[in-house]
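Everything below concerns the one structure shown next.
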Protein chains: 2
Amino acid sequence: MSVEREIPYKIYLEESEMPVAWYNLRADMKKKPAPMLNPQTLQPATIDELSAVFCKELAEQELNTTDAYIPIPEGIRSFYKMYRPAPLVRAYCLEKHLGTPAKIYYKFEGNNTSGSHKLNSAIAQAYYAKKQGLKGVTTETGAGQWGTALSMACSYFDLDCKVFMVKVSYEQKPFRREVMRTYGASVTPSPSETTAVGRKILAAHPGTGGSLGCAVSEAVECATSQEGYRYVLGSVLNQVALHQSVIGLETKAALDKYGVKADIIIGCAGGGSNLAGLIAPFAGEKLRGEADYRFIAVEPASCPSFTRGKYAYDYCDTGMICPLAKMYTLGCDFMPAPHHAGGLRYHGMNSMLSELYDQGILEATTVKQTEVFQAAVEFARVEGILPAPESSHAIRVAMDEAIKCKETGEEKTIVFGLTGTGYFDMVAYEKHNNGTLTDYIPTDEEIAAALSKLPKVD
Amino acid sequence: MSVEREIPYKIYLEESEMPVAWYNLRADMKKKPAPMLNPQTLQPATIDELSAVFCKELAEQELNTTDAYIPIPEGIRSFYKMYRPAPLVRAYCLEKHLGTPAKIYYKFEGNNTSGSHKLNSAIAQAYYAKKQGLKGVTTETGAGQWGTALSMACSYFDLDCKVFMVKVSYEQKPFRREVMRTYGASVTPSPSETTAVGRKILAAHPGTGGSLGCAVSEAVECATSQEGYRYVLGSVLNQVALHQSVIGLETKAALDKYGVKADIIIGCAGGGSNLAGLIAPFAGEKLRGEADYRFIAVEPASCPSFTRGKYAYDYCDTGMICPLAKMYTLGCDFMPAPHHAGGLRYHGMNSMLSELYDQGILEATTVKQTEVFQAAVEFARVEGILPAPESSHAIRVAMDEAIKCKETGEEKTIVFGLTGTGYFDMVAYEKHNNGTLTDYIPTDEEIAAALSKLPKVD
């Protein structure tokens, strides 16, 4: 062990220390994630088939399980330099507040206008779309985090960006909508009259507030019915996990710079892109037998893909257009209860993380949202940053682990991912402040009913 | 001139390079700003008189025109380390976008939950209040930026924080209100039933949406009617300008580190605290004859204190409780037109800046808000950061100066202050996006009417 230098509150890498290649953890996995399946044939998807859905180079990244490092193109690195490196923060004030001997660090991805790590993949996807000569991309958004990141990325590369936003969010979250419009994106409340599927839903359900599934279907139709467009996803895919490895690479470089070895690494998990990115280089060490770490995925009790889902092939998108992935899933029709305030609503989990969980490399736990918001407020008051509800799932478990250290006297080093800020989530904070936030844990019957709809794949 | 090293996109000082003392520009001014006056006697306010209004050490700072450096207490430096150093950003993308030979830098103060530089003084004022054994502080807030900063600072030092928020903002900006509540502040819509002045206004004007002046009066009454409370201000005072010198000191250290000499330094100016802080160490050099710079204060055309105001004694607060300062002012009853969207609504200008303007050390210019929002959107799209409307006043003039360089071929180095983010200002951006934002320039008659109410001081 090298001697620890005095650790500043925030470790910023120099620009010259920033990663020049993404790390592809799959290359170090002996047992690889199961291949994606073509939704029509249910056979492993070929590069040509995937290229109809994704940009060619992204399709290649999706299938690449052998190259450990994939160079980050200069055009993306320039953009990364505008808002990265993200700081690795030593949570001195939180440690003092908890009275723990644990050393707590968090990688803060919220210092950009999209407010989260989503921008790391949005800019990559926009870059390859531009390189391939596409005119634009379409996507859906609920709360608007992914839509905002994609709008910023498309604005930078002068690509058209069409966002279908769940109508009820469009009306209730006008601020996110306006950020996207400020970046030049067209934002359409879904269901809309602009697509056949939207018109059909509106005819059947006049006045509906829409759903994420419906927005996905409209975005997909919009992309496939126009020349030069693709539909893009902000999580769950292995290409997204690859781009997010920049989080883990920076984190590891910052820790190494100060001779710090992490014991526990914690991340919230919705589709899994942030967690996959954060743990990637550490998990590589663990798989290669070079170091040991505990990795903890934290999911909401209301959407427990890892802990109560099934490891099976399922559709990545509710519209069943994208390829199928083998993953821990609750079924692509599963919807968390409406009073679930945070994000992390995705029905499945990235296939690489799913395989690591199945192999016992990764642990998973669930937390209730009332406990999550208590942790969020405690954190905000001592560390200054108002965290996103999603990120606060990781805060909750990091605090719990630090409190355990207080009880045992162990000086563990705990690292967690602070994926973003909660500035656009104040409606949920208001509920917490007013004491009206409640918990909902799906019953076994509800989970079983959702799982019964999984596609039959041999 | 030293040789320029290759400049990264963002210059972050090391923690060890952060300022350990604030710089008090008044010490280097041969002709000092005029003294504050006691509002009862209209004679120069003594330290004892000021101590009834401000914390003792803040009162001393307010009167200190001789010590060039005032040490930053360790308790404040620890907090600064949580969100500072703020990056000095080289605006490579903006330069390319404008096609200018100018080199553009901006000091970005928005990377904290309060979203602006206000936190730099809030934490100092809270520190001295705590040190003096006070129970808490009161203040007013309009849009909520200052209230948010003060809430965070009080939460950190476990001080009670009572914010009176203009009722119409309280109702229309629930997000800001909830951020303050999340940090434990009590937020009262003003006018309220909790004060005598509030009850009086409510009786006379039932259903009123309130005003900043009314909120000030309630905050002052609340502070003066309770043991252990003080009313605090977030701008205009010289103590605030002193705390904000951390902006300029970091900026200068970052430029010096890379051998860069600024030619033009630009800041938006409402009460002047950000501009005073940004230019302080550079203005010191200029006053001492060591270097020359152009300093440009940018104010909204709708609230033109420097360019159309009068250099005279006036009340700092609409409630006429705080001491009087000699400053460029439009009169403490002046209110910008209701369709003025950004901040920078303050009627007067910091007395030190006023004196520098009077001496010709500092220039001032006005910009219209429609031009400001055009610059804001252009900036957001190329530099990634969605700026606060206030900060965008400086962006507008920095871009104009860079475009002049394009015409003349001059490679000037332009530095401006990007004081904050616009995440809570999306209503104004929505107006801009919808093309419904308009300009209003007060008539000569309106200005003359406001100035006619200035207090008579010999």
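Letters A, B, ... go to the chains of the structure tokens in the order shown; residues in each chain start at 1; ligands are counted from 1 in the same order.
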
With only C-alpha atoms counted and 6 Å as the cut-off, give the residues of chain B in contact with chain A, each with its shortest interatomic distance in Å and the pair that gives it, as CSV.
residue,atom,partner,partner_atom,distance
B:Thr113,CA,A:Ile385,CA,5.5
B:Ser155,CA,A:Arg381,CA,5.9
B:Phe175,CA,A:Met426,CA,5.3
B:Glu178,CA,A:Glu430,CA,5.8
B:Tyr183,CA,A:Arg381,CA,5.9
B:Arg381,CA,A:Tyr183,CA,5.9
B:Ile385,CA,A:Thr113,CA,5.5
B:Met426,CA,A:Phe175,CA,5.4
B:Glu430,CA,A:Glu178,CA,5.8

inquiry  = Based on the backbone DSSP call, show me all residues of range 83-148 of chain A assigned strand (DSSP E or B), as a ChimeraX atom specification.
reply    = /A:88-90,103-108,116,136-141

Atoms to include: C-alpha atoms. Write the selected residues as a PDB file, in the first residue's frame.
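Result file is selection_26.pdb:
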ATOM      1  CA  LEU A  88     -14.235  12.927  -6.822  1.00  0.00           C
ATOM      2  CA  VAL A  89     -15.313  14.452  -3.531  1.00  0.00           C
ATOM      3  CA  ARG A  90     -14.118  13.411  -0.106  1.00  0.00           C
ATOM      4  CA  LYS A 103     -13.782   7.320   4.588  1.00  0.00           C
ATOM      5  CA  ILE A 104     -16.471   8.335   2.159  1.00  0.00           C
ATOM      6  CA  TYR A 105     -15.953   9.518  -1.405  1.00  0.00           C
ATOM      7  CA  TYR A 106     -18.467  10.336  -4.082  1.00  0.00           C
ATOM      8  CA  LYS A 107     -18.061  10.868  -7.782  1.00  0.00           C
ATOM      9  CA  PHE A 108     -20.227  13.856  -8.625  1.00  0.00           C
ATOM     10  CA  SER A 116     -26.581  14.052 -14.589  1.00  0.00           C
ATOM     11  CA  GLY A 136     -31.256  13.540 -36.364  1.00  0.00           C
ATOM     12  CA  VAL A 137     -32.406  11.279 -33.585  1.00  0.00           C
ATOM     13  CA  THR A 138     -35.615  10.665 -31.697  1.00  0.00           C
ATOM     14  CA  THR A 139     -36.159   9.585 -28.135  1.00  0.00           C
ATOM     15  CA  GLU A 140     -38.701   9.547 -25.346  1.00  0.00           C
ATOM     16  CA  THR A 141     -38.365  11.141 -21.961  1.00  0.00           C
TER      17      THR A 141
END

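DSSP annotation of range 272-320 of chain B from backbone atoms: helix (DSSP H, G or I) residues are Ser273, Asn274, Leu275, Ala276, Gly277, Leu278, Ile279, Ala280, Pro281, Phe282, Ala283, Gly284, Glu285, Lys286, Leu287, Ser305, Phe306, Thr307 and Arg308 of chain B.
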
Produce a file of the selected residues containing C-alpha atoms, as a JSON list (two decimals), in the first residue's frame.
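Listing of selection29.json after writing:
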[["chain", "number", "residue", "atom", "x", "y", "z"],
["B", 273, "SER", "CA", -21.16, 42.47, -5.36],
["B", 274, "ASN", "CA", -20.13, 40.04, -8.08],
["B", 275, "LEU", "CA", -18.48, 42.71, -10.21],
["B", 276, "ALA", "CA", -16.69, 44.21, -7.22],
["B", 277, "GLY", "CA", -15.39, 40.79, -6.25],
["B", 278, "LEU", "CA", -14.31, 39.83, -9.76],
["B", 279, "ILE", "CA", -12.36, 42.99, -10.52],
["B", 280, "ALA", "CA", -10.94, 43.63, -7.03],
["B", 281, "PRO", "CA", -7.33, 42.39, -7.36],
["B", 282, "PHE", "CA", -7.06, 43.63, -10.95],
["B", 283, "ALA", "CA", -8.39, 47.05, -9.96],
["B", 284, "GLY", "CA", -5.83, 47.07, -7.16],
["B", 285, "GLU", "CA", -3.07, 46.66, -9.75],
["B", 286, "LYS", "CA", -4.60, 49.42, -11.84],
["B", 287, "LEU", "CA", -4.86, 51.80, -8.89],
["B", 305, "SER", "CA", -28.18, 52.76, -11.88],
["B", 306, "PHE", "CA", -24.71, 53.67, -13.20],
["B", 307, "THR", "CA", -25.64, 55.03, -16.58],
["B", 308, "ARG", "CA", -28.76, 57.03, -15.70]]

remark   = Closest of B:Ala86, B:Ala196, B:Leu454, B:Ala102 to Ser225 in chain B, counting only C-alpha atoms, is B:Ala196

query = Any idea what's packed within 7 Å of Gln239 in chain B, counting only C-alpha atoms, ignoring anything in its chain fewer than 2 positions away? Could you give it as a PyMOL selection string?
reply = chain B and resi 58+61-62+237+241-243

inquiry  = For a quick check of understanding, using only C-alpha atoms, which of B:Glu411, B:Asp333, B:Glu57, B:Glu446 has the smallest distance to Gln132 in chain B?
reply    =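 Using only C-alpha atoms, the shortest distance to Gln132 in chain B belongs to B:Glu57.
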
ask   = Could you pull the residues within 8 Å of Val20 in chain B, counting only C-alpha atoms, minus those fewer than 2 positions along the same chain, as a PyMOL selection string?
value = chain B and resi 18+22+71-72+77

Mind writing the picked residues with N, CA and C atoms as a PDB file, in the first residue's frame?
ATOM      1  N   MET B  18      -5.847  28.093  -3.073  1.00  0.00           N
ATOM      2  CA  MET B  18      -7.034  28.915  -2.818  1.00  0.00           C
ATOM      3  C   MET B  18      -6.686  30.070  -1.875  1.00  0.00           C
ATOM      4  N   TRP B  22      -9.296  37.585   2.145  1.00  0.00           N
ATOM      5  CA  TRP B  22     -10.033  38.398   1.180  1.00  0.00           C
ATOM      6  C   TRP B  22      -9.210  39.656   0.899  1.00  0.00           C
ATOM      7  N   PRO B  71      -7.918  38.112   6.753  1.00  0.00           N
ATOM      8  CA  PRO B  71      -7.852  36.644   6.715  1.00  0.00           C
ATOM      9  C   PRO B  71      -9.245  36.012   6.660  1.00  0.00           C
ATOM     10  N   ILE B  72      -9.391  34.965   5.865  1.00  0.00           N
ATOM     11  CA  ILE B  72     -10.646  34.204   5.811  1.00  0.00           C
ATOM     12  C   ILE B  72     -10.579  33.159   6.919  1.00  0.00           C
ATOM     13  N   ARG B  77     -13.226  28.851   5.254  1.00  0.00           N
ATOM     14  CA  ARG B  77     -12.388  28.201   4.221  1.00  0.00           C
ATOM     15  C   ARG B  77     -12.786  26.743   4.035  1.00  0.00           C
TER      16      ARG B  77
END

request  = For CA of Gln359 in chain B and CA of Lys31 in chain B, quote the distance in Å rounded to one decimal.
outcome  = 8.8 Å

query = Mind pulling up the distance from CA of Lys252 in chain A to CA of Asn24 in chain A?
reply =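 Rounded to one decimal, the two atoms are 14.9 Å apart.
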